[in-house]
file query20.tsv (TSV, C-alpha atoms)
chain	number	residue	atom	x	y	z
X	1188	MET	CA	-1.11	2.98	-43.46
X	1189	LEU	CA	0.27	0.95	-40.59
X	1190	ALA	CA	-0.30	3.92	-38.29
X	1191	ARG	CA	-4.01	3.58	-38.94
X	1192	LEU	CA	-3.99	-0.07	-37.99
X	1193	ILE	CA	-2.27	0.36	-34.65
X	1194	GLY	CA	-2.44	4.16	-34.23
X	1195	ASN	CA	-4.32	6.50	-31.98
X	1196	ASP	CA	-7.87	5.97	-33.23
X	1197	THR	CA	-8.03	2.18	-33.21
X	1198	ASN	CA	-9.22	-0.44	-30.80
X	1199	VAL	CA	-5.64	-1.10	-29.81
X	1200	ALA	CA	-5.15	2.45	-28.53
X	1201	ARG	CA	-8.38	2.31	-26.53
X	1202	LEU	CA	-7.47	-1.04	-25.03
X	1203	LYS	CA	-4.05	0.32	-24.07
X	1204	GLU	CA	-5.74	3.24	-22.34
X	1205	GLY	CA	-7.93	0.75	-20.54
X	1206	LEU	CA	-4.91	-1.24	-19.38
X	1207	ASP	CA	-3.23	1.95	-18.16
X	1208	ALA	CA	-6.35	2.99	-16.25
X	1209	SER	CA	-6.68	-0.47	-14.76
X	1210	SER	CA	-3.09	-0.64	-13.52
X	1211	ARG	CA	-3.42	2.92	-12.20
X	1212	ASN	CA	-6.49	1.84	-10.23
X	1213	VAL	CA	-4.61	-1.15	-8.84
X	1214	ARG	CA	-1.80	1.16	-7.71
X	1215	GLY	CA	-4.41	3.35	-5.99
X	1216	ILE	CA	-5.82	0.32	-4.20
X	1217	ALA	CA	-2.30	-0.76	-3.19
X	1218	HIS	CA	-1.67	2.72	-1.80
X	1219	ARG	CA	-4.85	2.69	0.28
X	1220	VAL	CA	-4.26	-0.85	1.55
X	1221	ALA	CA	-0.64	-0.02	2.43
X	1222	ASN	CA	-1.91	2.94	4.45
X	1223	ALA	CA	-4.74	1.00	6.08
X	1224	GLY	CA	-2.95	0.94	9.45
X	1225	ASN	CA	-2.02	4.62	9.22
X	1226	ALA	CA	-4.45	6.59	11.37
X	1227	ASP	CA	-3.55	10.01	9.85
X	1228	PHE	CA	-4.12	8.76	6.32
X	1229	ALA	CA	-7.43	7.11	7.24
X	1230	ARG	CA	-8.62	10.41	8.72
X	1231	THR	CA	-7.77	12.55	5.67
X	1232	LEU	CA	-9.22	9.89	3.35
X	1233	ASP	CA	-12.46	9.79	5.34
X	1234	GLU	CA	-12.72	13.58	5.15
X	1235	ALA	CA	-12.15	13.53	1.38
X	1236	ARG	CA	-14.77	10.82	0.99
X	1237	ALA	CA	-17.29	12.64	3.15
X	1238	ALA	CA	-16.83	15.78	1.00
X	1239	THR	CA	-17.77	13.83	-2.14
X	1240	GLY	CA	-20.69	12.10	-0.45
X	1241	ALA	CA	-19.10	8.65	-0.54
X	1242	GLY	CA	-18.74	6.45	2.52
X	1243	PRO	CA	-15.48	5.65	4.28
X	1244	VAL	CA	-13.17	3.08	2.72
X	1245	ASP	CA	-12.83	-0.30	4.32
X	1246	LEU	CA	-10.37	-3.06	3.61
X	1247	GLU	CA	-13.01	-5.51	2.34
X	1248	ARG	CA	-14.21	-3.04	-0.26
X	1249	GLU	CA	-10.64	-2.46	-1.42
X	1250	MET	CA	-10.07	-6.19	-1.79
X	1251	VAL	CA	-13.27	-6.59	-3.79
X	1252	ALA	CA	-12.20	-3.68	-6.01
X	1253	LEU	CA	-8.82	-5.36	-6.43
X	1254	ALA	CA	-10.37	-8.63	-7.63
X	1255	ASP	CA	-12.62	-6.65	-9.96
X	1256	GLU	CA	-9.71	-4.68	-11.39
X	1257	GLN	CA	-7.67	-7.83	-11.84
X	1258	LEU	CA	-10.42	-9.39	-13.97
X	1259	ARG	CA	-10.81	-6.18	-15.94
X	1260	PHE	CA	-7.09	-6.16	-16.70
X	1261	GLU	CA	-7.24	-9.82	-17.70
X	1262	ALA	CA	-10.15	-9.15	-20.07
X	1263	LEU	CA	-8.52	-6.08	-21.61
X	1264	ALA	CA	-5.26	-7.96	-22.07
X	1265	SER	CA	-7.08	-10.80	-23.82
X	1266	LEU	CA	-8.87	-8.36	-26.13
X	1267	LEU	CA	-5.60	-6.59	-26.92
X	1268	GLN	CA	-3.98	-9.92	-27.59
X	1269	GLY	CA	-6.87	-10.72	-29.95
X	1270	SER	CA	-6.43	-7.42	-31.78
X	1271	TYR	CA	-2.75	-8.03	-32.25
X	1272	GLN	CA	-3.49	-11.58	-33.35
X	1273	GLY	CA	-5.84	-10.19	-36.01
X	1274	LEU	CA	-3.21	-7.74	-37.24
X	1275	ARG	CA	-0.60	-10.45	-37.27
X	1276	SER	CA	-2.72	-12.79	-39.35
X	1277	ALA	CA	-3.53	-9.90	-41.75
X	1278	VAL	CA	0.19	-9.19	-42.11
X	1279	ARG	CA	0.98	-12.85	-42.74
X	1280	GLU	CA	-2.04	-13.32	-45.06
X	1281	ARG	CA	-3.24	-16.38	-43.20
U	523	MET	CA	3.43	16.41	-28.88
U	524	ARG	CA	6.29	15.21	-31.06
U	525	ILE	CA	5.33	13.34	-34.19
U	526	GLY	CA	7.42	10.38	-35.26
U	527	GLU	CA	7.67	8.69	-38.63
U	528	GLY	CA	4.36	7.83	-40.28
U	529	GLY	CA	2.41	10.27	-38.13
U	530	VAL	CA	2.58	8.14	-35.00
U	531	PRO	CA	2.99	10.41	-31.95
U	532	LEU	CA	5.97	9.59	-29.79
U	533	PRO	CA	5.40	9.30	-26.06
U	534	THR	CA	6.22	12.62	-24.41
U	535	GLU	CA	5.96	11.67	-20.77
U	536	ARG	CA	8.35	9.45	-18.94
U	537	ILE	CA	7.30	5.83	-19.07
U	538	ARG	CA	6.13	4.69	-15.67
U	539	GLU	CA	8.13	2.08	-13.93
U	540	PRO	CA	5.98	-1.01	-14.01
U	541	LEU	CA	7.36	-2.30	-10.74
U	542	ARG	CA	6.41	0.78	-8.77
U	543	GLY	CA	3.10	-0.81	-7.84
U	544	LEU	CA	4.90	-3.74	-6.25
U	545	GLY	CA	6.88	-1.23	-4.19
U	546	ILE	CA	3.66	0.18	-2.77
U	547	ALA	CA	2.49	-3.24	-1.60
U	548	ALA	CA	5.98	-4.03	-0.31
U	549	SER	CA	6.02	-0.81	1.74
U	550	GLY	CA	2.76	-1.93	3.33
U	551	LEU	CA	4.31	-5.29	4.17
U	552	SER	CA	7.35	-3.73	5.85
U	553	ALA	CA	5.17	-1.27	7.76
U	554	GLN	CA	3.15	-4.15	9.20
U	555	ARG	CA	6.38	-6.00	9.95
U	556	ALA	CA	7.57	-2.99	11.95
U	557	ARG	CA	4.28	-2.97	13.89
U	558	LEU	CA	4.70	-6.70	14.52
U	559	ASP	CA	8.21	-6.09	15.90
U	560	ALA	CA	6.90	-3.38	18.22
U	561	ILE	CA	4.10	-5.66	19.47
U	562	ALA	CA	6.60	-8.48	20.05
U	563	ALA	CA	8.85	-6.14	22.05
U	564	ASN	CA	5.87	-4.88	24.06
U	565	ILE	CA	4.67	-8.38	24.97
U	566	ALA	CA	8.20	-9.56	25.74
U	567	ASN	CA	8.65	-6.61	28.12
U	568	ALA	CA	5.19	-6.67	29.68
U	569	GLU	CA	6.75	-7.30	33.13
U	570	THR	CA	10.04	-5.43	32.68
U	571	THR	CA	10.33	-3.01	35.58
U	572	ARG	CA	13.82	-1.86	34.60
U	573	GLY	CA	14.23	-0.71	31.01
U	574	VAL	CA	17.40	0.57	29.31
U	575	ASP	CA	17.31	3.83	31.30
U	576	GLY	CA	16.44	2.14	34.60
U	577	THR	CA	12.75	3.15	34.51
U	578	PRO	CA	9.88	0.73	33.77
U	579	TYR	CA	9.56	-0.31	30.13
U	580	ARG	CA	7.27	1.90	28.05
U	581	ARG	CA	5.07	0.57	25.32
U	582	LYS	CA	6.51	1.17	21.81
U	583	VAL	CA	4.19	2.62	19.17
U	584	VAL	CA	5.06	2.63	15.45
U	585	ARG	CA	4.03	5.85	13.75
U	586	LEU	CA	3.24	5.38	10.05
U	587	GLU	CA	3.45	8.09	7.42
U	588	GLU	CA	1.97	8.27	3.94
U	589	VAL	CA	4.37	8.54	0.98
U	590	ALA	CA	2.91	10.97	-1.58
U	591	PHE	CA	1.15	9.17	-4.40
U	592	GLU	CA	1.82	10.99	-7.69
U	593	SER	CA	-1.14	9.59	-9.60
U	594	LEU	CA	-3.54	11.19	-7.13
U	595	LEU	CA	-2.41	14.57	-8.44
U	596	PRO	CA	-3.30	14.79	-12.13
U	597	GLY	CA	-0.96	16.82	-14.32
U	598	THR	CA	2.13	16.09	-12.28
U	599	GLY	CA	3.15	13.19	-14.51
U	600	ALA	CA	6.32	14.86	-15.78
U	601	ALA	CA	7.67	15.41	-12.28
U	602	ALA	CA	6.59	11.95	-11.21
U	603	GLY	CA	10.15	10.66	-11.48
U	604	GLU	CA	11.08	12.68	-8.41
U	605	GLY	CA	8.30	11.34	-6.24
U	606	GLU	CA	8.55	8.02	-4.54
U	607	GLY	CA	5.25	6.90	-5.96
U	608	GLY	CA	3.04	6.10	-3.04
U	609	GLY	CA	2.94	3.65	-0.20
U	610	VAL	CA	3.67	4.01	3.45
U	611	ARG	CA	6.79	4.44	5.54
U	612	VAL	CA	7.65	4.12	9.20
U	613	ALA	CA	8.03	7.68	10.45
U	614	GLY	CA	9.37	6.54	13.77
U	615	VAL	CA	8.98	4.33	16.81
U	616	GLU	CA	7.73	6.30	19.76
U	617	GLU	CA	6.98	5.56	23.38
U	618	ASP	CA	3.56	5.62	24.98
U	619	ALA	CA	3.97	8.25	27.72
U	620	THR	CA	1.14	7.06	29.99
U	621	GLU	CA	2.14	5.71	33.41
U	622	GLY	CA	1.89	2.01	34.09
U	623	ALA	CA	-0.11	0.55	36.97
U	624	LEU	CA	1.26	0.23	40.50
U	625	ARG	CA	1.46	-3.27	41.90
U	626	TYR	CA	1.86	-4.05	45.58
U	627	ASP	CA	4.88	-6.35	45.85
U	628	PRO	CA	7.11	-5.38	48.81
U	629	GLY	CA	9.63	-8.13	48.08
U	630	HIS	CA	10.37	-6.83	44.59
U	631	PRO	CA	13.82	-5.21	44.22
U	632	ASP	CA	12.23	-2.22	42.42
U	633	ALA	CA	9.53	-1.63	45.06
U	634	ASP	CA	9.33	1.85	46.60
U	635	ALA	CA	9.27	2.55	50.35
U	636	ALA	CA	5.54	1.76	50.55
U	637	GLY	CA	6.05	-1.56	48.75
U	638	TYR	CA	4.59	-0.61	45.37
U	639	VAL	CA	6.23	-1.42	42.03
U	640	ARG	CA	5.58	0.70	38.91
U	641	MET	CA	4.74	-1.76	36.12
U	642	PRO	CA	5.20	-1.16	32.37
U	643	ASN	CA	2.22	0.44	30.58
U	644	VAL	CA	1.71	-2.63	28.39
U	645	ASP	CA	-1.81	-4.05	28.19
U	646	ILE	CA	-1.55	-7.61	26.91
U	647	SER	CA	-5.11	-7.81	25.58
U	648	SER	CA	-4.82	-4.60	23.57
U	649	GLU	CA	-1.48	-5.84	22.21
U	650	MET	CA	-3.20	-9.05	21.10
U	651	VAL	CA	-5.92	-7.03	19.34
U	652	ASP	CA	-3.20	-4.97	17.61
U	653	LEU	CA	-1.48	-8.21	16.66
U	654	MET	CA	-4.63	-9.52	14.98
U	655	SER	CA	-5.18	-6.34	12.97
U	656	THR	CA	-1.49	-6.22	12.02
U	657	ARG	CA	-1.63	-9.76	10.74
U	658	ARG	CA	-4.78	-9.06	8.77
U	659	LEU	CA	-3.26	-5.97	7.17
U	660	PHE	CA	-0.09	-7.92	6.38
U	661	ASP	CA	-2.22	-10.53	4.59
U	662	ALA	CA	-4.10	-7.81	2.70
U	663	ASN	CA	-0.86	-6.28	1.46
U	664	ALA	CA	0.44	-9.70	0.47
U	665	THR	CA	-2.75	-10.29	-1.53
U	666	VAL	CA	-2.31	-6.94	-3.30
U	667	PHE	CA	1.29	-7.89	-4.06
U	668	GLN	CA	0.18	-11.18	-5.60
U	669	ALA	CA	-2.55	-9.48	-7.65
U	670	MET	CA	-0.05	-6.95	-8.95
U	671	LYS	CA	2.39	-9.67	-9.84
U	672	SER	CA	-0.24	-11.58	-11.82
U	673	ILE	CA	-1.22	-8.38	-13.64
U	674	LEU	CA	2.40	-7.70	-14.57
U	675	ARG	CA	2.84	-11.27	-15.71
U	676	ARG	CA	-0.30	-11.04	-17.84
U	677	ALA	CA	0.98	-7.81	-19.36
U	678	THR	CA	4.16	-9.54	-20.50
U	679	GLN	CA	2.12	-12.18	-22.32
U	680	ILE	CA	0.17	-9.88	-24.64

call {"tool": "encode", "arguments": {"input": "query20.tsv", "output": "structure tokens"}}
result
Amino acid sequence: MLARLIGNDTNVARLKEGLDASSRNVRGIAHRVANAGNADFARTLDEARAATGAGPVDLEREMVALADEQLRFEALASLLQGSYQGLRSAVRER
Amino acid sequence: MRIGEGGVPLPTERIREPLRGLGIAASGLSAQRARLDAIAANIANAETTRGVDGTPYRRKVVRLEEVAFESLLPGTGAAAGEGEGGGVRVAGVEEDATEGALRYDPGHPDADAAGYVRMPNVDISSEMVDLMSTRRLFDANATVFQAMKSILRRATQI
């Protein structure tokens, strides 16, 4: 019964996946920013981007993506907190 | 997938270290610090005609190297514990092999028979440009570090 409230097919699980994806994205941004002064890395990244049709990465775009991801994480965390709050009040019957 | 009590699946993969992301940003900070040190040494020695081996000072260049980022390779999650988890490292500090300019200064103790002195191959203006980009990248990495910290803090408050 409890498994269905907080298990795999609930909002909570989806929100957790969202949080995981968000922090993974932030780590990706951190990796690219850390390698921003690395000429070899910039070259391979540009080649990979050109192959997929996307433009080269610049620092400004990474910083915008970082702010975006930060807000997404914040929103997901608030929603998850809300879900847990709902469960908690159901458990406590108030 | 192992199934725990009540049908809830137990996590099979190793739980990721939450602080690994901070390490990535920190590696960027130390890489830029290393570049800053090299630039400082280059500017300090811009007129040094006798380096440690007696020849004119040669410009130092920091070579950076990418540390493999496990999450870029899907399906390698189980072996992720072995990897260092992304970032950048200083592969080495190398010397710029180009020759410096010759300056006519017959009174200089290092002047050759014709009165020319071989100067270091340091170009102050290009060092200043490098300095600006280094500082900007340092700031960017610091911003990423702060963002990561606030995300981790938020995650502890759920």

call {"tool": "closest_residue", "arguments": {"input": "query20.tsv", "among": "U:Thr570, U:Ser647, U:Gln554, U:Thr620", "to": "chain X", "atoms": "only C-alpha atoms"}}
result
U:Gln554

call {"tool": "closest_residue", "arguments": {"input": "query20.tsv", "among": "U:Arg580, U:Arg676, U:Arg640, U:Arg555", "to": "chain X", "atoms": "only C-alpha atoms"}}
result
U:Arg676

call {"tool": "closest_residue", "arguments": {"input": "query20.tsv", "among": "U:Ser648, U:Leu653, U:Thr678, U:Arg585", "to": "Ala562 of chain U", "atoms": "all atoms listed in the file"}}
result
U:Leu653

call {"tool": "closest_atom_pairs", "arguments": {"input": "query20.tsv", "of": "chain X", "to": "chain U", "cutoff": "10 Å", "atoms": "only C-alpha atoms", "output": "tab-separated table"}}
result
residue	atom	partner	partner_atom	distance
X:Met1188	CA	U:Gly528	CA	8.0
X:Leu1189	CA	U:Gly528	CA	8.0
X:Ala1190	CA	U:Val530	CA	6.1
X:Arg1191	CA	U:Val530	CA	8.9
X:Ile1193	CA	U:Val530	CA	9.2
X:Gly1194	CA	U:Val530	CA	6.5
X:Asn1195	CA	U:Val530	CA	7.7
X:Leu1206	CA	U:Ala677	CA	8.8
X:Ser1209	CA	U:Ile673	CA	9.7
X:Ser1210	CA	U:Ile673	CA	8.0
X:Arg1211	CA	U:Ser593	CA	7.5
X:Asn1212	CA	U:Ser593	CA	9.4
X:Val1213	CA	U:Met670	CA	7.4
X:Arg1214	CA	U:Gly543	CA	5.3
X:Gly1215	CA	U:Ser593	CA	7.9
X:Ile1216	CA	U:Val666	CA	8.1
X:Ala1217	CA	U:Ala547	CA	5.6
X:His1218	CA	U:Gly609	CA	5.0
X:Arg1219	CA	U:Gly609	CA	7.9
X:Val1220	CA	U:Asn663	CA	6.4
X:Ala1221	CA	U:Gly550	CA	4.0
X:Asn1222	CA	U:Val610	CA	5.8
X:Ala1223	CA	U:Leu659	CA	7.2
X:Gly1224	CA	U:Leu659	CA	7.3
X:Asn1225	CA	U:Leu586	CA	5.4
X:Ala1226	CA	U:Leu586	CA	7.9
X:Asp1227	CA	U:Glu587	CA	7.7
X:Phe1228	CA	U:Glu588	CA	6.6
X:Leu1246	CA	U:Ala662	CA	7.9
X:Glu1247	CA	U:Ala662	CA	9.2
X:Glu1249	CA	U:Ala662	CA	9.4
X:Met1250	CA	U:Ala662	CA	7.6
X:Leu1253	CA	U:Val666	CA	7.4
X:Ala1254	CA	U:Ala669	CA	7.9
X:Glu1256	CA	U:Ala669	CA	9.4
X:Gln1257	CA	U:Ile673	CA	6.7
X:Leu1258	CA	U:Ile673	CA	9.3
X:Phe1260	CA	U:Ile673	CA	7.0
X:Glu1261	CA	U:Arg676	CA	7.0
X:Leu1263	CA	U:Ala677	CA	9.9
X:Ala1264	CA	U:Ile680	CA	6.3
X:Ser1265	CA	U:Ile680	CA	7.4
X:Leu1266	CA	U:Ile680	CA	9.3
X:Leu1267	CA	U:Ile680	CA	7.0
X:Gln1268	CA	U:Ile680	CA	5.1
X:Gly1269	CA	U:Ile680	CA	8.9
X:Tyr1271	CA	U:Ile680	CA	8.4
X:Gln1272	CA	U:Ile680	CA	9.6

call {"tool": "write_last_selection", "arguments": {"input": "query20.tsv", "atoms": "C-alpha atoms", "output": "mmCIF file, in the coordinates of the input"}}
result
data_model
loop_
_atom_site.group_PDB
_atom_site.id
_atom_site.type_symbol
_atom_site.label_atom_id
_atom_site.label_comp_id
_atom_site.auth_asym_id
_atom_site.auth_seq_id
_atom_site.Cartn_x
_atom_site.Cartn_y
_atom_site.Cartn_z
ATOM 1 C CA MET X 1188 -1.110 2.980 -43.460
ATOM 2 C CA LEU X 1189 0.270 0.950 -40.590
ATOM 3 C CA ALA X 1190 -0.300 3.920 -38.290
ATOM 4 C CA ARG X 1191 -4.010 3.580 -38.940
ATOM 5 C CA ILE X 1193 -2.270 0.360 -34.650
ATOM 6 C CA GLY X 1194 -2.440 4.160 -34.230
ATOM 7 C CA ASN X 1195 -4.320 6.500 -31.980
ATOM 8 C CA LEU X 1206 -4.910 -1.240 -19.380
ATOM 9 C CA SER X 1209 -6.680 -0.470 -14.760
ATOM 10 C CA SER X 1210 -3.090 -0.640 -13.520
ATOM 11 C CA ARG X 1211 -3.420 2.920 -12.200
ATOM 12 C CA ASN X 1212 -6.490 1.840 -10.230
ATOM 13 C CA VAL X 1213 -4.610 -1.150 -8.840
ATOM 14 C CA ARG X 1214 -1.800 1.160 -7.710
ATOM 15 C CA GLY X 1215 -4.410 3.350 -5.990
ATOM 16 C CA ILE X 1216 -5.820 0.320 -4.200
ATOM 17 C CA ALA X 1217 -2.300 -0.760 -3.190
ATOM 18 C CA HIS X 1218 -1.670 2.720 -1.800
ATOM 19 C CA ARG X 1219 -4.850 2.690 0.280
ATOM 20 C CA VAL X 1220 -4.260 -0.850 1.550
ATOM 21 C CA ALA X 1221 -0.640 -0.020 2.430
ATOM 22 C CA ASN X 1222 -1.910 2.940 4.450
ATOM 23 C CA ALA X 1223 -4.740 1.000 6.080
ATOM 24 C CA GLY X 1224 -2.950 0.940 9.450
ATOM 25 C CA ASN X 1225 -2.020 4.620 9.220
ATOM 26 C CA ALA X 1226 -4.450 6.590 11.370
ATOM 27 C CA ASP X 1227 -3.550 10.010 9.850
ATOM 28 C CA PHE X 1228 -4.120 8.760 6.320
ATOM 29 C CA LEU X 1246 -10.370 -3.060 3.610
ATOM 30 C CA GLU X 1247 -13.010 -5.510 2.340
ATOM 31 C CA GLU X 1249 -10.640 -2.460 -1.420
ATOM 32 C CA MET X 1250 -10.070 -6.190 -1.790
ATOM 33 C CA LEU X 1253 -8.820 -5.360 -6.430
ATOM 34 C CA ALA X 1254 -10.370 -8.630 -7.630
ATOM 35 C CA GLU X 1256 -9.710 -4.680 -11.390
ATOM 36 C CA GLN X 1257 -7.670 -7.830 -11.840
ATOM 37 C CA LEU X 1258 -10.420 -9.390 -13.970
ATOM 38 C CA PHE X 1260 -7.090 -6.160 -16.700
ATOM 39 C CA GLU X 1261 -7.240 -9.820 -17.700
ATOM 40 C CA LEU X 1263 -8.520 -6.080 -21.610
ATOM 41 C CA ALA X 1264 -5.260 -7.960 -22.070
ATOM 42 C CA SER X 1265 -7.080 -10.800 -23.820
ATOM 43 C CA LEU X 1266 -8.870 -8.360 -26.130
ATOM 44 C CA LEU X 1267 -5.600 -6.590 -26.920
ATOM 45 C CA GLN X 1268 -3.980 -9.920 -27.590
ATOM 46 C CA GLY X 1269 -6.870 -10.720 -29.950
ATOM 47 C CA TYR X 1271 -2.750 -8.030 -32.250
ATOM 48 C CA GLN X 1272 -3.490 -11.580 -33.350
#

call {"tool": "closest_residue", "arguments": {"input": "query20.tsv", "among": "U:Ala563, U:Ala556, U:Ala633, U:Lys671", "to": "Ala613 of chain U", "atoms": "all atoms listed in the file"}}
result
U:Ala556

call {"tool": "atom_distance", "arguments": {"input": "query20.tsv", "atom1": "atom CA of Val615 of chain U", "atom2": "atom CA of Met654 of chain U"}}
result
19.5 Å

call {"tool": "atom_distance", "arguments": {"input": "query20.tsv", "atom1": "atom CA of Ala1277 of chain X", "atom2": "atom CA of Ala1262 of chain X"}}
result
22.7 Å

call {"tool": "closest_residue", "arguments": {"input": "query20.tsv", "among": "U:Asp661, U:Asp627, U:Asp634, U:Asp618", "to": "Lys582 of chain U", "atoms": "all atoms listed in the file"}}
result
U:Asp618

call {"tool": "atom_distance", "arguments": {"input": "query20.tsv", "atom1": "atom CA of Tyr638 of chain U", "atom2": "atom CA of Ala623 of chain U"}}
result
9.7 Å

call {"tool": "closest_residue", "arguments": {"input": "query20.tsv", "among": "U:Thr577, U:Thr571, U:Gln668, U:Asn564", "to": "Ile646 of chain U", "atoms": "only C-alpha atoms"}}
result
U:Asn564
